[in-house]
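Here is the file data29.pdb (PDB, C-alpha atoms (C1' of nucleotides) and all ligand atoms).
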ATOM      1  CA  MET A  68     135.107  50.959  55.127
ATOM      2  CA  GLU A  69     134.381  54.627  55.125
ATOM      3  CA  SER A  70     136.846  55.472  52.387
ATOM      4  CA  GLN A  71     133.807  55.547  50.161
ATOM      5  CA  ASP A  72     132.290  58.387  52.165
ATOM      6  CA  LEU A  73     135.416  60.411  51.589
ATOM      7  CA  ARG A  74     135.658  59.660  47.893
ATOM      8  CA  LYS A  75     131.986  60.440  47.463
ATOM      9  CA  ALA A  76     132.659  63.797  49.082
ATOM     10  CA  GLY A  77     135.462  64.452  46.632
ATOM     11  CA  LEU A  78     138.123  64.186  49.306
ATOM     12  CA  LYS A  79     141.287  62.181  48.996
ATOM     13  CA  VAL A  80     141.491  59.228  51.327
ATOM     14  CA  THR A  81     144.169  60.153  53.815
ATOM     15  CA  LEU A  82     145.104  58.801  57.178
ATOM     16  CA  PRO A  83     144.144  61.937  59.113
ATOM     17  CA  ARG A  84     140.721  61.981  57.500
ATOM     18  CA  LEU A  85     140.085  58.323  58.163
ATOM     19  CA  LYS A  86     141.177  58.733  61.767
ATOM     20  CA  VAL A  87     138.987  61.749  62.382
ATOM     21  CA  LEU A  88     136.018  59.866  60.992
ATOM     22  CA  GLU A  89     136.882  56.868  63.134
ATOM     23  CA  ILE A  90     137.026  58.985  66.269
ATOM     24  CA  LEU A  91     133.725  60.651  65.530
ATOM     25  CA  GLU A  92     132.166  57.258  64.972
ATOM     26  CA  ASN A  93     133.586  55.478  67.975
ATOM     27  CA  SER A  94     133.587  58.196  70.615
ATOM     28  CA  GLU A  95     131.515  57.876  73.775
ATOM     29  CA  GLN A  96     130.393  61.462  73.317
ATOM     30  CA  ARG A  97     128.553  62.236  70.159
ATOM     31  CA  HIS A  98     129.611  65.906  70.340
ATOM     32  CA  LEU A  99     133.333  66.620  70.198
ATOM     33  CA  SER A 100     135.427  69.744  69.996
ATOM     34  CA  ALA A 101     138.410  69.918  67.653
ATOM     35  CA  GLU A 102     140.562  69.709  70.752
ATOM     36  CA  ASP A 103     138.727  66.556  71.847
ATOM     37  CA  VAL A 104     139.363  64.957  68.484
ATOM     38  CA  TYR A 105     142.979  66.038  68.595
ATOM     39  CA  LYS A 106     143.525  64.566  72.058
ATOM     40  CA  ALA A 107     141.812  61.337  71.073
ATOM     41  CA  MET A 108     144.228  61.141  68.160
ATOM     42  CA  LEU A 109     147.244  61.534  70.370
ATOM     43  CA  GLU A 110     145.907  58.945  72.796
ATOM     44  CA  MET A 111     145.529  56.584  69.871
ATOM     45  CA  GLY A 112     149.178  57.184  69.175
ATOM     46  CA  GLU A 113     148.450  59.016  65.950
ATOM     47  CA  GLU A 114     150.584  61.917  64.852
ATOM     48  CA  ILE A 115     148.461  64.802  63.715
ATOM     49  CA  GLY A 116     148.497  68.572  63.795
ATOM     50  CA  LEU A 117     145.673  70.472  65.413
ATOM     51  CA  ALA A 118     145.413  72.605  62.288
ATOM     52  CA  THR A 119     144.713  69.465  60.305
ATOM     53  CA  VAL A 120     141.959  68.477  62.696
ATOM     54  CA  TYR A 121     140.302  71.836  62.168
ATOM     55  CA  ARG A 122     140.795  71.635  58.428
ATOM     56  CA  VAL A 123     139.391  68.150  58.190
ATOM     57  CA  LEU A 124     136.395  68.933  60.380
ATOM     58  CA  THR A 125     135.651  72.021  58.330
ATOM     59  CA  GLN A 126     135.893  70.025  55.121
ATOM     60  CA  PHE A 127     133.643  67.353  56.540
ATOM     61  CA  GLU A 128     131.174  70.046  57.421
ATOM     62  CA  GLY A 129     131.310  71.366  53.881
ATOM     63  CA  ALA A 130     130.796  67.876  52.558
ATOM     64  CA  GLY A 131     127.800  67.331  54.820
ATOM     65  CA  LEU A 132     129.504  64.584  56.808
ATOM     66  CA  VAL A 133     129.474  66.442  60.096
ATOM     67  CA  SER A 134     127.686  69.429  61.533
ATOM     68  CA  ARG A 135     129.122  72.110  63.740
ATOM     69  CA  LEU A 136     127.515  73.565  66.852
ATOM     70  CA  ASN A 137     128.595  76.985  67.993
ATOM     71  CA  ILE A 138     128.211  76.838  71.711
ATOM     72  CA  ASP A 139     127.955  79.915  73.869
ATOM     73  CA  GLY A 140     131.303  81.478  74.459
ATOM     74  CA  GLY A 141     132.870  80.695  71.166
ATOM     75  CA  HIS A 142     134.084  77.201  70.839
ATOM     76  CA  ALA A 143     132.622  74.736  68.470
ATOM     77  CA  VAL A 144     131.729  71.092  68.747
ATOM     78  CA  PHE A 145     131.214  68.673  65.904
ATOM     79  CA  GLU A 146     129.000  65.660  65.436
ATOM     80  CA  LEU A 147     128.434  63.161  62.669
ATOM     81  CA  GLU A 148     125.639  64.310  60.430
ATOM     82  CA  ASP A 149     122.663  61.982  60.502
ATOM     83  CA  GLY A 150     120.494  63.782  58.013
ATOM     84  CA  THR A 151     117.869  64.941  60.475
ATOM     85  CA  HIS A 152     117.873  68.368  62.079
ATOM     86  CA  HIS A 153     117.792  68.586  65.839
ATOM     87  CA  ASP A 154     118.487  71.109  68.570
ATOM     88  CA  HIS A 155     120.346  70.806  71.853
ATOM     89  CA  LEU A 156     120.074  70.917  75.619
ATOM     90  CA  LEU A 157     123.357  71.648  77.383
ATOM     91  CA  CYS A 158     124.166  70.975  81.004
ATOM     92  CA  VAL A 159     125.972  73.964  82.463
ATOM     93  CA  ARG A 160     127.529  71.766  85.157
ATOM     94  CA  CYS A 161     128.904  68.726  83.324
ATOM     95  CA  ASN A 162     128.673  69.936  79.716
ATOM     96  CA  ASN A 163     126.568  66.936  78.833
ATOM     97  CA  ILE A 164     124.640  67.523  75.616
ATOM     98  CA  GLU A 165     121.247  66.084  74.799
ATOM     99  CA  GLU A 166     119.275  66.372  71.619
ATOM    100  CA  PHE A 167     115.680  67.056  70.802
ATOM    101  CA  VAL A 168     113.392  67.706  67.885
ATOM    102  CA  ASP A 169     110.288  69.805  68.263
ATOM    103  CA  GLU A 170     108.094  70.378  65.280
ATOM    104  CA  VAL A 171     106.039  73.013  67.080
ATOM    105  CA  ILE A 172     109.098  75.164  67.615
ATOM    106  CA  GLU A 173     110.335  74.580  64.082
ATOM    107  CA  LYS A 174     107.002  75.699  62.716
ATOM    108  CA  ARG A 175     106.830  78.784  64.931
ATOM    109  CA  GLN A 176     110.301  79.798  63.834
ATOM    110  CA  ARG A 177     109.293  79.669  60.227
ATOM    111  CA  ALA A 178     106.194  81.697  61.020
ATOM    112  CA  ILE A 179     108.211  84.327  62.877
ATOM    113  CA  ALA A 180     110.719  84.657  60.052
ATOM    114  CA  LYS A 181     107.920  85.036  57.553
ATOM    115  CA  ASP A 182     106.172  87.566  59.746
ATOM    116  CA  LYS A 183     109.314  89.683  59.947
ATOM    117  CA  GLY A 184     109.947  89.395  56.236
ATOM    118  CA  PHE A 185     113.044  87.257  56.731
ATOM    119  CA  GLU A 186     114.065  84.522  54.378
ATOM    120  CA  MET A 187     115.227  82.077  57.002
ATOM    121  CA  THR A 188     118.504  80.349  56.226
ATOM    122  CA  ASP A 189     119.208  78.740  59.550
ATOM    123  CA  HIS A 190     118.524  78.880  63.225
ATOM    124  CA  SER A 191     120.220  77.890  66.428
ATOM    125  CA  LEU A 192     118.493  76.978  69.626
ATOM    126  CA  TYR A 193     120.193  75.929  72.811
ATOM    127  CA  ILE A 194     118.488  75.221  76.088
ATOM    128  CA  TYR A 195     120.876  75.558  79.007
ATOM    129  CA  GLY A 196     120.228  73.941  82.330
ATOM    130  CA  ILE A 197     121.253  71.434  84.920
ATOM    131  CA  CYS A 198     120.852  67.861  83.799
ATOM    132  CA  GLN A 199     119.166  65.218  85.884
ATOM    133  CA  LYS A 200     122.430  63.644  86.961
ATOM    134  CA  CYS A 201     123.848  66.982  88.126
ATOM    135  CA  GLN A 202     120.784  67.970  90.129
ATOM    136  CA  LYS A 203     121.191  65.248  92.755
TER     137      LYS A 203
ATOM    138  CA  MET F 244     120.545 111.151  85.707
ATOM    139  CA  GLU F 245     121.593 107.559  85.539
ATOM    140  CA  SER F 246     124.127 107.794  88.332
ATOM    141  CA  GLN F 247     121.411 106.258  90.442
ATOM    142  CA  ASP F 248     121.357 103.141  88.275
ATOM    143  CA  LEU F 249     125.055 102.694  88.878
ATOM    144  CA  ARG F 250     124.868 103.289  92.622
ATOM    145  CA  LYS F 251     121.934 100.940  92.887
ATOM    146  CA  ALA F 252     124.054  98.318  91.154
ATOM    147  CA  GLY F 253     126.819  98.824  93.691
ATOM    148  CA  LEU F 254     129.102 100.415  91.129
ATOM    149  CA  LYS F 255     131.037 103.616  91.639
ATOM    150  CA  VAL F 256     129.937 106.457  89.442
ATOM    151  CA  THR F 257     132.763 106.973  87.010
ATOM    152  CA  LEU F 258     133.062 108.781  83.727
ATOM    153  CA  PRO F 259     133.661 105.660  81.649
ATOM    154  CA  ARG F 260     130.591 103.999  83.113
ATOM    155  CA  LEU F 261     128.391 107.009  82.553
ATOM    156  CA  LYS F 262     129.608 107.332  79.009
ATOM    157  CA  VAL F 263     129.033 103.680  78.185
ATOM    158  CA  LEU F 264     125.495 103.963  79.532
ATOM    159  CA  GLU F 265     124.958 107.110  77.540
ATOM    160  CA  ILE F 266     126.099 105.459  74.328
ATOM    161  CA  LEU F 267     123.891 102.435  74.877
ATOM    162  CA  GLU F 268     120.954 104.728  75.499
ATOM    163  CA  ASN F 269     121.458 107.080  72.595
ATOM    164  CA  SER F 270     122.740 104.795  69.876
ATOM    165  CA  GLU F 271     120.823 104.268  66.667
ATOM    166  CA  GLN F 272     121.406 100.556  66.936
ATOM    167  CA  ARG F 273     120.070  98.871  69.991
ATOM    168  CA  HIS F 274     122.672  96.096  69.748
ATOM    169  CA  LEU F 275     126.315  97.144  69.987
ATOM    170  CA  SER F 276     129.593  95.291  70.160
ATOM    171  CA  ALA F 277     132.285  96.357  72.596
ATOM    172  CA  GLU F 278     134.164  97.673  69.603
ATOM    173  CA  ASP F 279     131.118  99.709  68.550
ATOM    174  CA  VAL F 280     130.910 101.270  71.985
ATOM    175  CA  TYR F 281     134.621 101.928  71.968
ATOM    176  CA  LYS F 282     134.502 103.671  68.596
ATOM    177  CA  ALA F 283     131.502 105.733  69.631
ATOM    178  CA  MET F 284     133.511 106.847  72.648
ATOM    179  CA  LEU F 285     136.413 107.982  70.542
ATOM    180  CA  GLU F 286     134.089 109.799  68.159
ATOM    181  CA  MET F 287     132.619 111.587  71.147
ATOM    182  CA  GLY F 288     136.146 112.659  71.951
ATOM    183  CA  GLU F 289     136.264 110.549  75.079
ATOM    184  CA  GLU F 290     139.463 108.887  76.151
ATOM    185  CA  ILE F 291     138.854 105.301  77.111
ATOM    186  CA  GLY F 292     140.600 101.966  76.876
ATOM    187  CA  LEU F 293     138.980  99.067  75.069
ATOM    188  CA  ALA F 294     139.643  96.902  78.115
ATOM    189  CA  THR F 295     137.578  99.287  80.179
ATOM    190  CA  VAL F 296     134.715  99.039  77.737
ATOM    191  CA  TYR F 297     134.763  95.263  78.066
ATOM    192  CA  ARG F 298     135.037  95.468  81.833
ATOM    193  CA  VAL F 299     132.208  97.938  82.153
ATOM    194  CA  LEU F 300     129.926  96.003  79.833
ATOM    195  CA  THR F 301     130.612  92.810  81.731
ATOM    196  CA  GLN F 302     129.882  94.530  85.025
ATOM    197  CA  PHE F 303     126.696  95.968  83.633
ATOM    198  CA  GLU F 304     125.718  92.508  82.554
ATOM    199  CA  GLY F 305     126.374  91.221  86.043
ATOM    200  CA  ALA F 306     124.323  94.033  87.478
ATOM    201  CA  GLY F 307     121.457  93.310  85.131
ATOM    202  CA  LEU F 308     121.769  96.612  83.316
ATOM    203  CA  VAL F 309     122.627  95.097  79.968
ATOM    204  CA  SER F 310     122.400  91.710  78.349
ATOM    205  CA  ARG F 311     124.922  90.050  76.115
ATOM    206  CA  LEU F 312     124.193  88.164  72.927
ATOM    207  CA  ASN F 313     126.721  85.644  71.712
ATOM    208  CA  ILE F 314     126.372  85.742  67.999
ATOM    209  CA  ASP F 315     127.567  82.980  65.739
ATOM    210  CA  GLY F 316     131.220  83.396  64.976
ATOM    211  CA  GLY F 317     132.240  84.420  68.420
ATOM    212  CA  HIS F 318     131.776  88.036  69.013
ATOM    213  CA  ALA F 319     129.322  89.495  71.427
ATOM    214  CA  VAL F 320     126.883  92.356  71.231
ATOM    215  CA  PHE F 321     125.270  94.153  74.129
ATOM    216  CA  GLU F 322     121.948  95.847  74.631
ATOM    217  CA  LEU F 323     120.266  97.717  77.448
ATOM    218  CA  GLU F 324     118.240  95.365  79.554
ATOM    219  CA  ASP F 325     114.567  96.201  79.456
ATOM    220  CA  GLY F 326     113.308  93.570  81.842
ATOM    221  CA  THR F 327     111.498  91.519  79.249
ATOM    222  CA  HIS F 328     113.024  88.486  77.598
ATOM    223  CA  HIS F 329     113.154  88.343  73.852
ATOM    224  CA  ASP F 330     114.943  86.423  71.118
ATOM    225  CA  HIS F 331     116.580  87.560  67.910
ATOM    226  CA  LEU F 332     116.493  87.386  64.154
ATOM    227  CA  LEU F 333     119.798  88.211  62.482
ATOM    228  CA  CYS F 334     120.345  89.213  58.883
ATOM    229  CA  VAL F 335     123.328  87.346  57.488
ATOM    230  CA  ARG F 336     123.820  90.026  54.837
ATOM    231  CA  CYS F 337     123.663  93.345  56.682
ATOM    232  CA  ASN F 338     123.885  92.141  60.287
ATOM    233  CA  ASN F 339     120.658  93.881  61.117
ATOM    234  CA  ILE F 340     119.091  92.465  64.272
ATOM    235  CA  GLU F 341     115.384  92.241  64.982
ATOM    236  CA  GLU F 342     113.675  91.077  68.120
ATOM    237  CA  PHE F 343     110.706  88.871  68.817
ATOM    238  CA  VAL F 344     108.871  87.233  71.647
ATOM    239  CA  ASP F 345     106.991  84.015  71.148
ATOM    240  CA  GLU F 346     105.164  82.511  74.047
ATOM    241  CA  VAL F 347     104.516  79.273  72.196
ATOM    242  CA  ILE F 348     108.229  78.674  71.797
ATOM    243  CA  GLU F 349     108.961  79.709  75.370
ATOM    244  CA  LYS F 350     106.414  77.233  76.625
ATOM    245  CA  ARG F 351     107.675  74.405  74.429
ATOM    246  CA  GLN F 352     111.191  74.992  75.654
ATOM    247  CA  ARG F 353     110.109  74.656  79.238
ATOM    248  CA  ALA F 354     108.248  71.470  78.359
ATOM    249  CA  ILE F 355     111.267  70.002  76.593
ATOM    250  CA  ALA F 356     113.575  70.800  79.497
ATOM    251  CA  LYS F 357     111.143  69.218  81.900
ATOM    252  CA  ASP F 358     110.753  66.205  79.697
ATOM    253  CA  LYS F 359     114.522  65.680  79.610
ATOM    254  CA  GLY F 360     114.838  66.190  83.350
ATOM    255  CA  PHE F 361     116.696  69.463  82.924
ATOM    256  CA  GLU F 362     116.328  72.368  85.287
ATOM    257  CA  MET F 363     116.389  75.098  82.652
ATOM    258  CA  THR F 364     118.543  78.088  83.518
ATOM    259  CA  ASP F 365     118.573  79.853  80.206
ATOM    260  CA  HIS F 366     118.163  79.452  76.513
ATOM    261  CA  SER F 367     119.345  81.104  73.372
ATOM    262  CA  LEU F 368     117.514  81.181  70.102
ATOM    263  CA  TYR F 369     118.713  82.891  66.968
ATOM    264  CA  ILE F 370     116.973  82.831  63.636
ATOM    265  CA  TYR F 371     119.365  83.605  60.800
ATOM    266  CA  GLY F 372     118.182  84.806  57.458
ATOM    267  CA  ILE F 373     118.052  87.533  54.884
ATOM    268  CA  CYS F 374     116.080  90.544  55.965
ATOM    269  CA  GLN F 375     113.468  92.175  53.803
ATOM    270  CA  LYS F 376     115.738  95.037  52.809
ATOM    271  CA  CYS F 377     118.501  92.676  51.716
ATOM    272  CA  GLN F 378     116.298  90.362  49.649
ATOM    273  CA  LYS F 379     115.454  92.584  46.688
TER     274      LYS F 379
ATOM    275  C1'  DA Z 154     142.113 117.392 102.941
ATOM    276  C1'  DT Z 155     143.293 112.399 103.581
ATOM    277  C1'  DA Z 156     143.147 107.674 103.237
ATOM    278  C1'  DT Z 157     141.988 103.721 100.828
ATOM    279  C1'  DA Z 158     139.688 100.593  98.098
ATOM    280  C1'  DA Z 159     138.129 100.471  93.558
ATOM    281  C1'  DA Z 160     138.615 101.712  88.692
ATOM    282  C1'  DT Z 161     141.365 102.697  84.756
ATOM    283  C1'  DG Z 162     144.700 102.418  80.602
ATOM    284  C1'  DA Z 163     148.241 100.145  78.164
ATOM    285  C1'  DA Z 164     150.142  96.259  77.038
ATOM    286  C1'  DA Z 165     150.624  91.504  77.461
ATOM    287  C1'  DA Z 166     148.307  87.174  77.623
ATOM    288  C1'  DC Z 167     144.804  84.011  76.346
ATOM    289  C1'  DT Z 168     141.557  81.157  73.534
ATOM    290  C1'  DT Z 169     139.946  79.421  69.583
ATOM    291  C1'  DT Z 170     140.491  79.128  64.884
ATOM    292  C1'  DT Z 171     142.681  80.114  60.430
ATOM    293  C1'  DC Z 172     146.574  80.907  57.452
ATOM    294  C1'  DT Z 173     151.285  80.363  55.421
ATOM    295  C1'  DC Z 174     154.580  77.738  53.486
ATOM    296  C1'  DA Z 175     157.888  74.118  53.173
ATOM    297  C1'  DT Z 176     157.491  69.132  53.036
ATOM    298  C1'  DT Z 177     155.008  64.894  52.357
ATOM    299  C1'  DT Z 178     151.405  62.039  50.494
ATOM    300  C1'  DG Z 179     147.771  60.013  47.546
ATOM    301  C1'  DC Z 180     146.752  58.706  43.234
ATOM    302  C1'  DA Z 181     146.671  58.764  38.190
ATOM    303  C1'  DT Z 182     149.760  57.607  34.535
ATOM    304  C1'  DC Z 183     153.393  55.250  32.336
TER     305       DC Z 183
ATOM    306  C1'  DG M 147     156.567  49.416  40.303
ATOM    307  C1'  DA M 148     158.514  54.112  39.260
ATOM    308  C1'  DT M 149     157.267  59.049  38.206
ATOM    309  C1'  DG M 150     154.919  63.440  38.430
ATOM    310  C1'  DC M 151     151.871  66.609  40.229
ATOM    311  C1'  DA M 152     148.184  68.446  42.638
ATOM    312  C1'  DA M 153     146.388  68.051  47.050
ATOM    313  C1'  DA M 154     147.100  67.403  51.978
ATOM    314  C1'  DT M 155     149.801  67.898  56.036
ATOM    315  C1'  DG M 156     152.477  69.822  60.185
ATOM    316  C1'  DA M 157     154.580  73.480  62.580
ATOM    317  C1'  DG M 158     154.339  77.679  63.718
ATOM    318  C1'  DA M 159     152.752  82.342  62.942
ATOM    319  C1'  DA M 160     148.755  85.137  62.756
ATOM    320  C1'  DA M 161     144.106  86.739  63.524
ATOM    321  C1'  DA M 162     140.115  88.077  66.247
ATOM    322  C1'  DG M 163     137.869  88.822  70.318
ATOM    323  C1'  DT M 164     138.290  89.070  75.030
ATOM    324  C1'  DT M 165     140.521  88.919  79.613
ATOM    325  C1'  DT M 166     144.332  89.716  82.753
ATOM    326  C1'  DT M 167     148.183  92.174  84.868
ATOM    327  C1'  DC M 168     149.980  95.908  87.092
ATOM    328  C1'  DA M 169     151.285 100.586  87.831
ATOM    329  C1'  DT M 170     148.698 104.837  88.156
ATOM    330  C1'  DT M 171     144.539 107.498  88.840
ATOM    331  C1'  DT M 172     140.025 108.342  90.788
ATOM    332  C1'  DA M 173     135.743 108.145  93.660
ATOM    333  C1'  DT M 174     134.042 108.279  97.975
ATOM    334  C1'  DA M 175     133.960 107.871 103.104
ATOM    335  C1'  DT M 176     136.052 110.108 106.952
TER     336       DT M 176
HETATM  337 MN    MN I   1     123.562  66.943  68.158
HETATM  338 MN    MN I   2     117.681  92.375  71.737
HETATM  339 ZN    ZN I   3     125.056  67.672  83.968
HETATM  340 ZN    ZN I   4     119.764  92.573  55.948
END
Represent the supplied structure as structure tokens.
Ligand SMILES: [Mn+2]
Ligand SMILES: [Mn+2]
Ligand SMILES: [Zn+2]
Ligand SMILES: [Zn+2]
Amino acid sequence: MESQDLRKAGLKVTLPRLKVLEILENSEQRHLSAEDVYKAMLEMGEEIGLATVYRVLTQFEGAGLVSRLNIDGGHAVFELEDGTHHDHLLCVRCNNIEEFVDEVIEKRQRAIAKDKGFEMTDHSLYIYGICQKCQK
Amino acid sequence: MESQDLRKAGLKVTLPRLKVLEILENSEQRHLSAEDVYKAMLEMGEEIGLATVYRVLTQFEGAGLVSRLNIDGGHAVFELEDGTHHDHLLCVRCNNIEEFVDEVIEKRQRAIAKDKGFEMTDHSLYIYGICQKCQK
DNA sequence: ATATAAATGAAAACTTTTCTCATTTGCATC
DNA sequence: GATGCAAATGAGAAAAGTTTTCATTTATAT
């Protein structure tokens, strides 16, 4: 019962919101575009507007329930927030996304920001490549 | 005389191409959007279409004369290619862009890709923050 | 000077995302 | 359970950045 998550986030419990959450939770892929979520909705036989999907995902982001990745070439994907930061490897062939955490890189980033006099607010790191499966 | 650069890249020497190169070379800012280049053109009193600016920049990218950064929020900036890879720090207040190179991070990225079985083709790393000037 | 393949400009199209606004819904109150 | 109202929704328009189309112009080889 994830209605609690919504209430805790100060959001009314509505069908579209529950369904979006459900899709994010039950999807094969952890990383979904708004379009992906929308299509999954339709396949489930749920009526929903694409604008609502975007709105809900953006609200979830604001509420800390999901995080948004801005992939190269301007379209975003969303994933359930799990509280721990991580970065991503993207396969340029099959669009498979893998995750990693690297404390050495995190530390270096902070050092670089400091060195340049920047107050770091965020960072984004994507490694592009061909995944094992696609190499054959 | 940068006509040679164009010929070497297999591109005809045309006025729009020469002018775009000239703007990239002489601009205060090293990182320019297509729109920036376009406006600079008009200010120079040059007739040019925005589509041509995009086309030329994309061709230059293909020819290795410029590189394209895909900044958060889906609009690109371009810079003259100088042969050496570097990453970027972006000020979220004034949009100032600084550059850095960090061999430790580069090495870790290669190690991560290898570890995940990825054949790395590229990476993109942006550190977002508030630059020194904007902190005060 | 001529031919021709490539480049250009203007406008339309496209992609992703946000906004507008009329209608519907969730939820607190009676 | 009915009522009221603010919040949420859906449809479509709009926005922003970029690419495509196509008729016209231009660069370059002959
Ligand atoms: Mn992830
Ligand atoms: Mn740069
Ligand atoms: Zn793959
Ligand atoms: Zn700044």
Protein and nucleic residues near ligand ZN 3 (chain I), 8 Å, only C-alpha atoms (C1' of nucleotides) and all ligand atoms, as a list of chain:residue names: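 Here is the list of contacting residues: A:Leu157, A:Cys158, A:Val159, A:Arg160, A:Cys161, A:Asn162, A:Asn163, A:Ile197, A:Cys198, A:Gln199, A:Lys200, A:Cys201, A:Gln202.
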Spatial neighbours of Met108 of chain A, 10 Å, all atoms listed in the file, chain gap at least 5 places, as a PyMOL selection string: chain A and resi 83+86-87+89-90+102-103+113-117+120
Resolved residues for the PyMOL selection byres ((chain M) within 10 of (chain A)) as JSON, numbers by chain: {"M": [153, 154, 155, 156, 157, 163]}
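In this structure, atom CA of Val171 of chain A sits 26.3 Å away from atom CA of Gly326 of chain F.
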Test item: chain Z residues at most 10 Å from chain A, counting only C-alpha atoms (C1' of nucleotides), as a VMD selection string: chain Z and resid 168 to 172 178 to 180
Residue list for chain A near chain F as an MDAnalysis selection string, 12 Å, only C-alpha atoms: chainID A and resid 135:143 154:160 163:203
Atomic separation - atom CA of Glu146 of chain A relative to atom CA of Leu99 of chain A, Å: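 Those two atoms sit 6.5 Å apart.
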